[in-house]
file work_38.txt (compact mmCIF, C-alpha atoms and all ligand atoms)
# COMPACT_ATOMS: atom_id res chain seq x y z
CA MET A 1 11.11 17.68 4.94
CA GLU A 2 9.67 21.01 4.02
CA ILE A 3 5.99 20.71 3.35
CA LYS A 4 3.27 23.09 2.48
CA LYS A 5 0.49 21.38 4.38
CA ASP A 6 0.45 17.64 4.95
CA ILE A 7 0.95 15.94 1.64
CA GLY A 8 -2.31 14.34 0.72
CA LEU A 9 -3.67 13.30 -2.62
CA LYS A 10 -6.17 16.12 -2.72
CA ASP A 11 -4.48 18.92 -0.88
CA SER A 12 -2.95 21.55 -3.03
CA LEU A 13 0.48 22.45 -1.86
CA THR A 14 0.07 26.15 -1.79
CA ILE A 15 0.30 27.11 1.86
CA LYS A 16 3.55 28.97 2.11
CA GLU A 17 4.69 28.58 5.69
CA LYS A 18 7.51 26.18 6.31
CA ARG A 19 6.29 23.19 8.30
CA TYR A 20 7.73 19.77 8.85
CA ARG A 21 5.59 16.74 9.26
CA ASN A 22 5.99 14.80 12.48
CA PHE A 23 4.86 11.40 11.32
CA PRO A 24 4.41 8.15 13.19
CA MET A 25 6.44 5.00 12.65
CA VAL A 26 5.63 1.41 13.52
CA PRO A 27 6.87 1.18 17.12
CA ARG A 28 7.54 -2.57 17.12
CA VAL A 29 8.70 -4.91 14.39
CA ILE A 30 9.99 -8.45 14.40
CA PHE A 31 11.85 -9.83 11.37
CA GLY A 32 13.04 -13.32 10.55
CA ARG A 33 12.15 -16.59 8.85
CA GLY A 34 9.60 -18.38 11.03
CA CYS A 35 9.10 -15.44 13.43
CA PHE A 36 5.33 -15.75 12.90
CA ASP A 37 5.46 -18.48 15.54
CA GLN A 38 6.26 -15.82 18.17
CA LEU A 39 2.93 -14.09 17.53
CA GLY A 40 1.24 -15.76 20.52
CA GLU A 41 3.77 -14.34 22.97
CA ILE A 42 3.70 -10.94 21.26
CA LEU A 43 -0.08 -10.69 21.62
CA MET A 44 -0.34 -12.08 25.16
CA PRO A 45 0.45 -8.83 27.04
CA LYS A 46 -2.04 -7.00 24.81
CA ARG A 47 -4.95 -9.27 25.76
CA ARG A 48 -7.13 -7.19 28.05
CA HIS A 49 -9.09 -10.18 29.40
CA SER A 50 -10.73 -13.37 28.21
CA GLU A 51 -13.83 -11.63 26.85
CA ALA A 52 -11.81 -9.23 24.67
CA PRO A 53 -10.71 -11.32 21.70
CA PHE A 54 -8.16 -10.88 18.98
CA ILE A 55 -9.75 -10.76 15.54
CA PHE A 56 -7.57 -12.18 12.76
CA LEU A 57 -8.43 -10.94 9.28
CA VAL A 58 -6.74 -13.46 7.01
CA ASP A 59 -6.42 -13.63 3.21
CA ASP A 60 -8.68 -16.47 2.12
CA VAL A 61 -5.84 -17.92 0.05
CA PHE A 62 -4.82 -19.52 3.38
CA GLU A 63 -8.23 -21.01 4.17
CA GLY A 64 -7.95 -24.75 4.72
CA THR A 65 -4.13 -24.72 4.79
CA SER A 66 -1.88 -25.81 7.66
CA PHE A 67 -0.90 -22.17 8.16
CA VAL A 68 -4.22 -21.57 9.91
CA ASP A 69 -3.23 -24.03 12.68
CA ARG A 70 -0.30 -21.74 13.49
CA ILE A 71 -2.54 -18.75 14.29
CA PRO A 72 -2.34 -18.45 18.10
CA LEU A 73 -6.06 -18.59 18.97
CA ILE A 74 -7.26 -18.64 22.55
CA PHE A 75 -10.46 -17.69 24.40
CA ASN A 76 -13.04 -16.38 21.96
CA ASP A 77 -10.61 -15.19 19.27
CA LEU A 78 -12.08 -15.07 15.79
CA VAL A 79 -10.58 -15.76 12.37
CA VAL A 80 -12.31 -14.09 9.43
CA PHE A 81 -11.16 -15.12 5.96
CA VAL A 82 -11.38 -12.31 3.44
CA SER A 83 -10.90 -12.45 -0.32
CA ALA A 84 -8.22 -10.19 -1.82
CA GLU A 85 -9.70 -10.53 -5.30
CA GLU A 86 -10.91 -6.94 -5.09
CA GLU A 87 -9.34 -3.98 -3.38
CA PRO A 88 -10.84 -3.04 0.00
CA LYS A 89 -14.07 -1.08 0.16
CA THR A 90 -15.59 1.14 2.83
CA VAL A 91 -18.77 -1.02 2.85
CA GLN A 92 -16.63 -4.07 3.56
CA VAL A 93 -14.92 -2.30 6.47
CA ASP A 94 -18.28 -1.16 7.87
CA ALA A 95 -19.72 -4.68 7.61
CA LEU A 96 -16.72 -6.17 9.46
CA VAL A 97 -16.94 -3.55 12.19
CA GLY A 98 -20.70 -4.18 12.51
CA ARG A 99 -20.14 -7.91 12.77
CA ILE A 100 -17.47 -7.57 15.46
CA LYS A 101 -19.62 -5.19 17.49
CA THR A 102 -22.62 -7.52 17.24
CA GLU A 103 -20.76 -10.72 18.06
CA PHE A 104 -18.84 -9.40 21.06
CA ASN A 105 -19.93 -7.32 24.05
CA GLU A 106 -16.47 -5.84 24.36
CA LEU A 107 -14.07 -4.07 22.08
CA PRO A 108 -11.52 -6.61 20.84
CA SER A 109 -8.04 -6.63 22.35
CA GLY A 110 -6.77 -6.14 18.82
CA ILE A 111 -7.04 -6.68 15.08
CA VAL A 112 -4.44 -8.69 13.20
CA GLY A 113 -4.27 -8.41 9.40
CA ILE A 114 -2.57 -11.30 7.62
CA GLY A 115 -2.13 -11.01 3.86
CA GLY A 116 -1.10 -8.54 1.19
CA GLY A 117 -1.84 -4.82 0.99
CA THR A 118 -5.54 -5.59 0.72
CA LEU A 119 -5.72 -7.36 4.08
CA LEU A 120 -3.30 -4.95 5.76
CA ASP A 121 -5.42 -2.00 4.70
CA LEU A 122 -8.62 -3.69 5.85
CA ALA A 123 -7.12 -4.42 9.26
CA LYS A 124 -6.01 -0.82 9.68
CA ALA A 125 -9.42 0.53 8.70
CA VAL A 126 -11.35 -1.89 10.94
CA ALA A 127 -9.11 -0.99 13.90
CA ILE A 128 -9.85 2.70 13.34
CA CYS A 129 -13.60 2.29 12.91
CA LEU A 130 -14.06 0.19 16.04
CA THR A 131 -13.31 3.27 18.12
CA ASN A 132 -14.44 6.05 15.79
CA LYS A 133 -18.17 6.50 15.13
CA GLY A 134 -19.90 6.36 11.76
CA SER A 135 -18.81 4.90 8.45
CA SER A 136 -15.23 4.39 7.32
CA CYS A 137 -15.99 6.68 4.37
CA ASP A 138 -16.28 9.57 6.85
CA TYR A 139 -12.55 9.23 7.51
CA GLN A 140 -11.26 9.04 3.93
CA GLY A 141 -8.98 12.04 3.67
CA TRP A 142 -6.32 13.59 5.87
CA ASP A 143 -6.25 13.55 9.64
CA LEU A 144 -9.98 13.08 10.11
CA VAL A 145 -9.64 10.24 12.61
CA VAL A 146 -10.33 11.55 16.10
CA LYS A 147 -9.75 8.70 18.53
CA PRO A 148 -6.85 6.25 18.73
CA SER A 149 -7.66 2.97 17.03
CA VAL A 150 -7.74 -0.47 18.58
CA TYR A 151 -4.28 -2.13 18.87
CA HIS A 152 -3.52 -3.53 15.42
CA VAL A 153 -0.89 -5.79 13.94
CA GLY A 154 0.16 -6.18 10.31
CA ILE A 155 1.60 -9.42 8.96
CA PRO A 156 2.44 -9.21 5.24
CA THR A 157 2.34 -12.42 3.21
CA ILE A 158 3.48 -10.76 -0.02
CA SER A 159 6.07 -8.00 -0.33
CA GLY A 160 6.02 -4.67 -2.10
CA THR A 161 3.27 -2.25 -1.20
CA GLY A 162 4.85 -0.84 1.94
CA ALA A 163 1.35 -0.89 3.50
CA GLU A 164 3.01 -2.45 6.54
CA VAL A 165 4.75 0.86 7.35
CA SER A 166 2.48 3.52 5.90
CA ARG A 167 0.07 5.84 7.69
CA THR A 168 -2.66 5.25 5.13
CA THR A 169 -5.25 2.65 4.25
CA VAL A 170 -6.58 2.98 0.72
CA LEU A 171 -10.33 2.32 0.43
CA LEU A 172 -12.85 2.43 -2.37
CA GLY A 173 -15.83 4.39 -1.05
CA PRO A 174 -19.19 5.27 -2.57
CA GLU A 175 -17.80 8.50 -3.99
CA LYS A 176 -14.05 8.18 -4.06
CA LYS A 177 -11.07 5.93 -3.80
CA LEU A 178 -9.01 7.53 -1.11
CA GLY A 179 -6.91 6.64 1.90
CA ILE A 180 -7.63 7.13 5.57
CA ASN A 181 -4.43 9.06 6.21
CA SER A 182 -3.89 9.51 9.91
CA ASP A 183 -1.46 9.02 12.75
CA HIS A 184 -3.84 6.37 14.10
CA THR A 185 -3.63 4.28 10.91
CA THR A 186 -0.06 3.05 11.37
CA PHE A 187 0.30 -0.45 12.82
CA ASP A 188 1.31 -0.90 16.48
CA GLN A 189 3.22 -4.05 15.62
CA VAL A 190 4.46 -5.59 12.39
CA VAL A 191 5.60 -9.18 11.94
CA LEU A 192 7.95 -9.62 8.99
CA ASP A 193 8.31 -13.33 8.31
CA PRO A 194 9.66 -13.80 4.76
CA ASP A 195 8.63 -17.47 4.78
CA LEU A 196 4.98 -16.40 4.70
CA THR A 197 5.51 -15.18 1.13
CA LYS A 198 6.49 -18.62 -0.18
CA GLY A 199 3.21 -19.39 -1.93
CA VAL A 200 2.93 -16.20 -3.99
CA SER A 201 2.62 -16.78 -7.76
CA LYS A 202 5.40 -15.54 -10.02
CA GLU A 203 3.18 -12.92 -11.69
CA GLN A 204 1.85 -11.53 -8.42
CA TRP A 205 5.37 -11.52 -6.92
CA PHE A 206 6.45 -9.40 -9.86
CA TYR A 207 3.49 -6.98 -9.84
CA THR A 208 3.55 -6.31 -6.09
CA GLY A 209 7.36 -6.18 -6.02
CA MET A 210 7.30 -3.67 -8.86
CA ASP A 211 5.00 -1.49 -6.75
CA CYS A 212 8.01 -1.16 -4.45
CA PHE A 213 10.39 -0.56 -7.34
CA ILE A 214 8.08 2.17 -8.70
CA HIS A 215 7.79 3.76 -5.23
CA CYS A 216 11.59 4.09 -5.28
CA ILE A 217 11.80 5.53 -8.79
CA GLU A 218 9.01 8.01 -8.16
CA SER A 219 10.38 9.07 -4.81
CA LEU A 220 14.02 9.34 -5.94
CA ASN A 221 13.10 11.32 -9.06
CA GLY A 222 10.57 13.57 -7.37
CA THR A 223 10.86 17.23 -6.46
CA TYR A 224 9.91 16.42 -2.84
CA LEU A 225 13.03 14.32 -2.39
CA ASN A 226 14.98 14.90 0.80
CA ALA A 227 17.81 13.07 2.56
CA PHE A 228 15.38 11.05 4.68
CA SER A 229 13.46 9.66 1.69
CA GLN A 230 16.56 9.28 -0.41
CA SER A 231 18.33 7.11 2.14
CA TYR A 232 15.42 4.66 2.28
CA GLY A 233 14.65 4.88 -1.44
CA GLU A 234 18.22 4.12 -2.50
CA LYS A 235 18.39 1.09 -0.23
CA ALA A 236 15.04 -0.22 -1.46
CA LEU A 237 16.08 0.26 -5.09
CA GLU A 238 19.36 -1.60 -4.52
CA LEU A 239 17.43 -4.50 -2.93
CA CYS A 240 14.93 -4.59 -5.82
CA LYS A 241 17.81 -4.82 -8.30
CA GLU A 242 19.32 -7.72 -6.36
CA VAL A 243 15.97 -9.52 -6.25
CA TYR A 244 14.87 -9.01 -9.86
CA LEU A 245 18.22 -8.85 -11.67
CA GLY A 246 20.55 -10.85 -9.42
CA GLU A 247 21.00 -14.54 -8.77
CA LEU A 248 19.75 -14.89 -5.20
CA SER A 249 18.51 -18.07 -3.58
CA PRO A 250 14.71 -18.12 -3.09
CA SER A 251 15.01 -17.55 0.66
CA GLU A 252 17.49 -14.65 0.25
CA SER A 253 15.21 -13.18 -2.36
CA ARG A 254 12.18 -13.34 -0.02
CA ASP A 255 14.17 -11.73 2.82
CA LYS A 256 15.43 -8.92 0.62
CA LEU A 257 12.11 -8.14 -1.04
CA MET A 258 10.44 -7.89 2.35
CA MET A 259 13.03 -5.34 3.45
CA ALA A 260 12.79 -3.52 0.10
CA SER A 261 9.05 -3.13 0.67
CA TRP A 262 9.67 -1.70 4.14
CA HIS A 263 12.29 0.76 2.92
CA GLY A 264 10.25 1.74 -0.13
CA GLY A 265 7.30 2.49 2.15
CA MET A 266 9.53 4.57 4.42
CA SER A 267 10.85 6.45 1.41
CA ILE A 268 7.42 7.60 0.23
CA ALA A 269 6.24 8.29 3.79
CA TYR A 270 8.35 11.42 3.71
CA SER A 271 8.07 12.27 0.03
CA GLN A 272 5.42 11.19 -2.47
CA VAL A 273 4.79 8.90 -5.41
CA GLY A 274 4.48 10.19 -8.97
CA VAL A 275 3.16 9.79 -12.50
CA ALA A 276 2.66 6.00 -12.56
CA HIS A 277 0.62 6.04 -9.36
CA ALA A 278 -1.43 9.04 -10.49
CA MET A 279 -2.30 7.36 -13.79
CA SER A 280 -2.79 3.93 -12.29
CA TYR A 281 -5.34 5.48 -9.94
CA GLY A 282 -7.40 6.50 -13.00
CA LEU A 283 -7.24 2.96 -14.38
CA SER A 284 -8.20 1.47 -11.06
CA TYR A 285 -11.12 3.86 -10.61
CA LEU A 286 -12.62 3.21 -14.03
CA LEU A 287 -11.69 -0.41 -14.69
CA GLY A 288 -10.94 -1.85 -11.25
CA VAL A 289 -7.36 -2.69 -12.30
CA LYS A 290 -5.45 -3.63 -9.16
CA HIS A 291 -2.67 -1.48 -7.75
CA GLY A 292 0.40 -3.59 -8.54
CA ILE A 293 -0.44 -4.62 -12.10
CA GLY A 294 -1.94 -1.19 -12.82
CA ASN A 295 1.31 0.50 -11.89
CA CYS A 296 3.29 -1.88 -14.09
CA ILE A 297 0.99 -1.41 -17.08
CA VAL A 298 1.32 2.36 -16.85
CA PHE A 299 4.97 2.56 -15.85
CA ARG A 300 6.39 0.94 -18.97
CA HIS A 301 4.94 3.82 -21.04
CA LEU A 302 6.56 6.55 -18.97
CA GLU A 303 10.01 6.73 -20.61
CA GLU A 304 9.74 10.48 -21.01
CA PHE A 305 9.36 10.95 -17.24
CA TYR A 306 11.51 8.11 -15.89
CA PRO A 307 13.89 7.00 -18.68
CA ASP A 308 16.34 5.11 -16.46
CA GLY A 309 13.59 3.57 -14.36
CA VAL A 310 11.68 2.31 -17.39
CA ALA A 311 14.87 0.83 -18.88
CA LEU A 312 15.50 -1.05 -15.61
CA PHE A 313 11.89 -2.15 -15.46
CA ASN A 314 12.09 -3.60 -18.96
CA GLN A 315 15.32 -5.38 -18.05
CA MET A 316 13.60 -6.92 -15.01
CA MET A 317 10.58 -8.00 -17.06
CA ARG A 318 12.83 -9.70 -19.59
CA LYS A 319 14.92 -11.41 -16.92
CA GLN A 320 11.85 -12.66 -15.05
CA LYS A 321 9.98 -13.54 -18.28
CA VAL A 322 6.85 -11.77 -17.11
CA HIS A 323 4.36 -10.51 -19.67
CA LEU A 324 1.95 -7.68 -19.13
CA PRO A 325 -1.48 -7.34 -20.72
CA SER A 326 -1.86 -4.67 -23.39
CA GLY A 327 -4.73 -2.97 -25.17
CA ILE A 328 -6.45 -2.31 -21.82
CA CYS A 329 -7.90 0.98 -23.05
CA SER A 330 -8.61 0.01 -26.64
CA ASP A 331 -12.42 -0.15 -26.25
CA LEU A 332 -12.87 2.89 -24.08
CA THR A 333 -15.10 5.81 -25.03
CA ASP A 334 -14.05 9.47 -24.96
CA CYS A 335 -16.13 9.82 -21.83
CA ASP A 336 -14.18 6.97 -20.18
CA TYR A 337 -10.91 8.69 -21.05
CA GLU A 338 -12.17 11.94 -19.58
CA THR A 339 -13.07 10.15 -16.33
CA MET A 340 -9.65 8.50 -16.04
CA ILE A 341 -7.84 11.72 -16.86
CA SER A 342 -9.86 13.71 -14.32
CA VAL A 343 -9.26 11.15 -11.57
CA SER A 344 -5.57 11.09 -12.37
CA LEU A 345 -5.13 14.86 -12.54
CA GLY A 346 -6.95 15.13 -9.21
CA MET A 347 -3.86 13.62 -7.59
CA GLU A 348 -2.19 17.02 -7.43
CA PRO A 349 0.61 16.32 -4.96
CA LEU A 350 1.72 13.31 -7.01
CA TRP A 351 2.01 15.45 -10.12
CA GLU A 352 3.70 18.26 -8.28
CA ASN A 353 6.19 15.82 -6.79
CA ALA A 354 6.85 14.30 -10.21
CA LEU A 355 7.02 17.42 -12.36
CA GLY A 356 7.35 20.44 -10.09
CA LYS A 357 5.12 23.44 -9.61
CA ASP A 358 4.62 23.88 -13.33
CA TRP A 359 3.17 20.37 -13.69
CA ARG A 360 -0.13 21.53 -15.21
CA ASN A 361 1.69 22.73 -18.31
CA ILE A 362 3.35 19.35 -18.77
CA ALA A 363 0.65 16.89 -17.67
CA THR A 364 -2.02 18.15 -20.04
CA ARG A 365 -5.23 16.23 -20.75
CA GLU A 366 -3.90 15.55 -24.28
CA LYS A 367 -0.66 14.14 -22.90
CA LEU A 368 -2.51 11.81 -20.53
CA LYS A 369 -4.88 10.69 -23.27
CA SER A 370 -1.98 9.83 -25.55
CA ILE A 371 -0.38 7.71 -22.80
CA TYR A 372 -3.62 5.99 -21.76
CA SER A 373 -4.46 5.17 -25.37
CA ARG A 374 -1.18 3.27 -25.71
CA ILE A 375 -1.66 1.03 -22.70
P1 LIG A 401 -3.14 -8.20 -2.52
O1 LIG A 401 -3.29 -8.11 -1.05
O2 LIG A 401 -4.20 -7.56 -3.34
O3 LIG A 401 -2.97 -9.71 -2.93
C1 LIG A 401 -2.69 -10.05 -4.29
C2 LIG A 401 -2.92 -11.53 -4.51
O4 LIG A 401 -1.89 -12.27 -3.85
C3 LIG A 401 -4.24 -12.01 -3.93
O5 LIG A 401 -4.81 -12.92 -4.83
C4 LIG A 401 -3.83 -12.72 -2.65
O6 LIG A 401 -4.74 -13.72 -2.28
C5 LIG A 401 -2.48 -13.30 -3.06
N1 LIG A 401 -1.58 -13.61 -1.96
C6 LIG A 401 -1.16 -12.83 -0.93
N2 LIG A 401 -0.27 -13.49 -0.18
C7 LIG A 401 -0.13 -14.71 -0.70
C8 LIG A 401 0.67 -15.86 -0.37
N3 LIG A 401 1.53 -15.85 0.64
N4 LIG A 401 0.54 -16.95 -1.15
C9 LIG A 401 -0.29 -16.97 -2.22
N5 LIG A 401 -1.04 -15.92 -2.60
C10 LIG A 401 -0.96 -14.80 -1.85
O7 LIG A 401 -1.73 -7.65 -3.00
P2 LIG A 401 -0.86 -6.38 -2.76
O8 LIG A 401 -0.29 -6.03 -4.08
O9 LIG A 401 0.05 -6.63 -1.63
O10 LIG A 401 -1.86 -5.25 -2.27
C11 LIG A 401 -2.60 -4.41 -3.12
C12 LIG A 401 -3.43 -3.51 -2.25
O11 LIG A 401 -2.57 -2.75 -1.43
C13 LIG A 401 -4.29 -2.51 -3.01
O12 LIG A 401 -5.59 -2.53 -2.42
C14 LIG A 401 -3.63 -1.18 -2.78
O13 LIG A 401 -4.53 -0.09 -2.77
C15 LIG A 401 -3.01 -1.40 -1.42
N6 LIG A 401 -1.87 -0.55 -1.15
C16 LIG A 401 -1.81 0.07 0.05
C17 LIG A 401 -0.75 0.88 0.36
C18 LIG A 401 -0.73 1.56 1.70
O14 LIG A 401 0.24 2.26 1.99
N7 LIG A 401 -1.71 1.39 2.53
C19 LIG A 401 0.31 1.05 -0.53
C20 LIG A 401 0.25 0.40 -1.76
C21 LIG A 401 -0.84 -0.41 -2.06
ZN ZN A 402 2.10 1.80 -4.73

call {"tool": "encode", "arguments": {"input": "work_38.txt", "output": "structure tokens"}}
result
Amino acid sequence: MEIKKDIGLKDSLTIKEKRYRNFPMVPRVIFGRGCFDQLGEILMPKRRHSEAPFIFLVDDVFEGTSFVDRIPLIFNDLVVFVSAEEEPKTVQVDALVGRIKTEFNELPSGIVGIGGGTLLDLAKAVAICLTNKGSSCDYQGWDLVVKPSVYHVGIPTISGTGAEVSRTTVLLGPEKKLGINSDHTTFDQVVLDPDLTKGVSKEQWFYTGMDCFIHCIESLNGTYLNAFSQSYGEKALELCKEVYLGELSPSESRDKLMMASWHGGMSIAYSQVGVAHAMSYGLSYLLGVKHGIGNCIVFRHLEEFYPDGVALFNQMMRKQKVHLPSGICSDLTDCDYETMISVSLGMEPLWENALGKDWRNIATREKLKSIYSRI
């Protein structure tokens, strides 16, 4: 793809020379119902010695369940249960890194994240910060990570974000919500076991799955689109339609949504997201609205940008009988609106991808205010 500097949320795309990004992919992936049970043999060759443990960061929704007995613990391996109620924070990453360094004399053999985007992002960030000095907030941005991270494995238990394939980990820091975008962020191994997503609630299944759907719509309708992104985006969109509008069995549906998430993530890796993500970022920053639901809440008001996508989205909502909250912004002050609008408009590459070089004349502060006030 032709890029004008690496596409990052804050970089302006004005550097003229033609450059193509050489981006990393997950080198190893295993897919299949029940494949989680092969984790022990996958990790074994990566164990440096008995004093260098594996640290499993696990969504606390699994605490006390029989799933925990299937985690292949040996030697001094450690399981840390982490709540996904809130999106990951730099202070949380720093505390986990501090704890691991204090409890063990050695660097761990690896970090394994088990959960949704929240746990996957935490695992990526902890793996980076175990080998790179200072706070995780020092690395929020583009290509600031200096040293390779500790070996890290991602095991999604809910499908949609594409965090399992991306080269970013989105963190809320003291000053900004921004990803650690680097070649060292991408997982070394991913385990795709659709059965792990069995316990997800209907609402959450919809919100996180729609994150994938919206990735496809924003990528396929963006000005950064190229054959690479299109091929993945079209496949992911087709899978989303089968899952949310078709009549699949539950197990087929879990398989297909897991692959949709993967393809959706690959699609945006080489293009960019768009208006829904830019505006959802503002909501998340001000009100702490989570990524999946935030995207849904915004997306249904974006007919003027994505008419076909919004029509499909509404069809999927009706079919799945999911309801979204409304009136989210009804009590906000002018100052709150200004904050959300500024955060959103700061996502320049997203707007440029969505609306082209002239985006500033289309995405005006008044336009954003009128959309926010309706949600
Ligand atoms: P999540 O990790 O926030 O989890 C959502 C809810 O689902 C939580 O309550 C969690 O406990 C529950 N859950 C997860 N698996 C479950 C299971 N098998 N059974 C029952 N409950 C389960 O959800 P998400 O939507 O996957 O992730 C959102 C996060 O991902 C945000 O922090 C967002 O910033 C991040 N994200 C990252 C990227 C990336 O490329 N790095 C991309 C998109 C989003
Ligand atoms: Zn997203």

call {"tool": "residues_near_point", "arguments": {"input": "work_38.txt", "point": "(-14.3, 11.3, 14.7)", "cutoff": "9 Å", "atoms": "all atoms listed in the file", "output": "tab-separated table (two decimals) with C-alpha atoms, in the coordinates of the input"}}
result
chain	number	residue	atom	x	y	z
A	131	THR	CA	-13.31	3.27	18.12
A	132	ASN	CA	-14.44	6.05	15.79
A	133	LYS	CA	-18.17	6.50	15.13
A	134	GLY	CA	-19.90	6.36	11.76
A	138	ASP	CA	-16.28	9.57	6.85
A	139	TYR	CA	-12.55	9.23	7.51
A	144	LEU	CA	-9.98	13.08	10.11
A	145	VAL	CA	-9.64	10.24	12.61
A	146	VAL	CA	-10.33	11.55	16.10
A	147	LYS	CA	-9.75	8.70	18.53

call {"tool": "axis_aligned_box", "arguments": {"input": "work_38.txt", "around": "segment 352-367 of chain A", "padding_each_side": "5 Å", "output": "JSON"}}
result
{"center_x": 1.1, "center_y": 19.0, "center_z": -15.5, "size_x": 22.6, "size_y": 19.7, "size_z": 27.5}

call {"tool": "closest_atom_pairs", "arguments": {"input": "work_38.txt", "of": "chain A", "to": "ligand ZN 402 (chain A)", "cutoff": "10 Å", "atoms": "all atoms listed in the file", "output": "CSV"}}
result
residue,atom,partner,partner_atom,distance
A:Gly117,CA,A:ZN402,ZN,9.6
A:Gly160,CA,A:ZN402,ZN,8.0
A:Thr161,CA,A:ZN402,ZN,5.5
A:Gly162,CA,A:ZN402,ZN,7.7
A:Ala163,CA,A:ZN402,ZN,8.7
A:Thr208,CA,A:ZN402,ZN,8.4
A:Gly209,CA,A:ZN402,ZN,9.6
A:Met210,CA,A:ZN402,ZN,8.6
A:Asp211,CA,A:ZN402,ZN,4.8
A:Cys212,CA,A:ZN402,ZN,6.6
A:Phe213,CA,A:ZN402,ZN,9.0
A:Ile214,CA,A:ZN402,ZN,7.2
A:His215,CA,A:ZN402,ZN,6.0
A:Cys216,CA,A:ZN402,ZN,9.8
A:Glu218,CA,A:ZN402,ZN,9.9
A:Gly264,CA,A:ZN402,ZN,9.4
A:Gly265,CA,A:ZN402,ZN,8.7
A:Ile268,CA,A:ZN402,ZN,9.3
A:Val273,CA,A:ZN402,ZN,7.6
A:Gly274,CA,A:ZN402,ZN,9.7
A:Ala276,CA,A:ZN402,ZN,8.9
A:His277,CA,A:ZN402,ZN,6.5
A:Ala278,CA,A:ZN402,ZN,9.9
A:Ser280,CA,A:ZN402,ZN,9.3
A:Tyr281,CA,A:ZN402,ZN,9.8
A:His291,CA,A:ZN402,ZN,6.5
A:Gly292,CA,A:ZN402,ZN,6.8
A:Gly294,CA,A:ZN402,ZN,9.5
A:Asn295,CA,A:ZN402,ZN,7.3

call {"tool": "write_last_selection", "arguments": {"input": "work_38.txt", "atoms": "C-alpha atoms", "output": "JSON list (two decimals), keeping the file's coordinate frame"}}
result
[["chain", "number", "residue", "atom", "x", "y", "z"],
["A", 117, "GLY", "CA", -1.84, -4.82, 0.99],
["A", 160, "GLY", "CA", 6.02, -4.67, -2.10],
["A", 161, "THR", "CA", 3.27, -2.25, -1.20],
["A", 162, "GLY", "CA", 4.85, -0.84, 1.94],
["A", 163, "ALA", "CA", 1.35, -0.89, 3.50],
["A", 208, "THR", "CA", 3.55, -6.31, -6.09],
["A", 209, "GLY", "CA", 7.36, -6.18, -6.02],
["A", 210, "MET", "CA", 7.30, -3.67, -8.86],
["A", 211, "ASP", "CA", 5.00, -1.49, -6.75],
["A", 212, "CYS", "CA", 8.01, -1.16, -4.45],
["A", 213, "PHE", "CA", 10.39, -0.56, -7.34],
["A", 214, "ILE", "CA", 8.08, 2.17, -8.70],
["A", 215, "HIS", "CA", 7.79, 3.76, -5.23],
["A", 216, "CYS", "CA", 11.59, 4.09, -5.28],
["A", 218, "GLU", "CA", 9.01, 8.01, -8.16],
["A", 264, "GLY", "CA", 10.25, 1.74, -0.13],
["A", 265, "GLY", "CA", 7.30, 2.49, 2.15],
["A", 268, "ILE", "CA", 7.42, 7.60, 0.23],
["A", 273, "VAL", "CA", 4.79, 8.90, -5.41],
["A", 274, "GLY", "CA", 4.48, 10.19, -8.97],
["A", 276, "ALA", "CA", 2.66, 6.00, -12.56],
["A", 277, "HIS", "CA", 0.62, 6.04, -9.36],
["A", 278, "ALA", "CA", -1.43, 9.04, -10.49],
["A", 280, "SER", "CA", -2.79, 3.93, -12.29],
["A", 281, "TYR", "CA", -5.34, 5.48, -9.94],
["A", 291, "HIS", "CA", -2.67, -1.48, -7.75],
["A", 292, "GLY", "CA", 0.40, -3.59, -8.54],
["A", 294, "GLY", "CA", -1.94, -1.19, -12.82],
["A", 295, "ASN", "CA", 1.31, 0.50, -11.89]]

call {"tool": "residues_near_ligand", "arguments": {"input": "work_38.txt", "ligand": "ligand LIG 401 (chain A)", "cutoff": "7 Å", "atoms": "only C-alpha atoms and all ligand atoms", "output": "PyMOL selection string"}}
result
chain A and resi 59-61+83-88+115-119+121+157-163+166-170+196-201+204+207-208+290-292

call {"tool": "closest_residue", "arguments": {"input": "work_38.txt", "among": "A:Ala363, A:Cys329, A:Val165, A:Ile71", "to": "Pro27 of chain A", "atoms": "only C-alpha atoms"}}
result
A:Val165

call {"tool": "closest_residue", "arguments": {"input": "work_38.txt", "among": "A:Leu237, A:Val289, A:Cys35, A:Ala260", "to": "Leu220 of chain A", "atoms": "all atoms listed in the file"}}
result
A:Leu237

call {"tool": "atom_distance", "arguments": {"input": "work_38.txt", "atom1": "atom CA of Leu302 of chain A", "atom2": "atom CA of Leu225 of chain A"}}
result
19.4 Å

call {"tool": "atom_distance", "arguments": {"input": "work_38.txt", "atom1": "atom CA of Ile362 of chain A", "atom2": "atom CA of Ser342 of chain A"}}
result
15.0 Å

call {"tool": "residues_around", "arguments": {"input": "work_38.txt", "residues": "Thr339 of chain A", "least_positions_apart": "3", "cutoff": "10 Å", "atoms": "all atoms listed in the file", "output": "MDAnalysis selection string"}}
result
chainID A and resid 282:283 285:286 333:336 342:345

call {"tool": "residues_around", "arguments": {"input": "work_38.txt", "residues": "Leu257 of chain A", "least_positions_apart": "5", "cutoff": "7 Å", "atoms": "all atoms listed in the file", "output": "NGL selection string"}}
result
:A and (159 or 239-240 or 243)

call {"tool": "atom_distance", "arguments": {"input": "work_38.txt", "atom1": "atom CA of Val153 of chain A", "atom2": "atom CA of Gly173 of chain A"}}
result
23.5 Å

call {"tool": "closest_residue", "arguments": {"input": "work_38.txt", "among": "A:Tyr224, A:Tyr151, A:Phe36, A:Phe104", "to": "Phe67 of chain A", "atoms": "all atoms listed in the file"}}
result
A:Phe36

call {"tool": "residues_around", "arguments": {"input": "work_38.txt", "residues": "Asn226 of chain A", "least_positions_apart": "5", "cutoff": "12 Å", "atoms": "only C-alpha atoms", "output": "PyMOL selection string"}}
result
chain A and resi 1-3+20+219-221+231-234+267-272+353
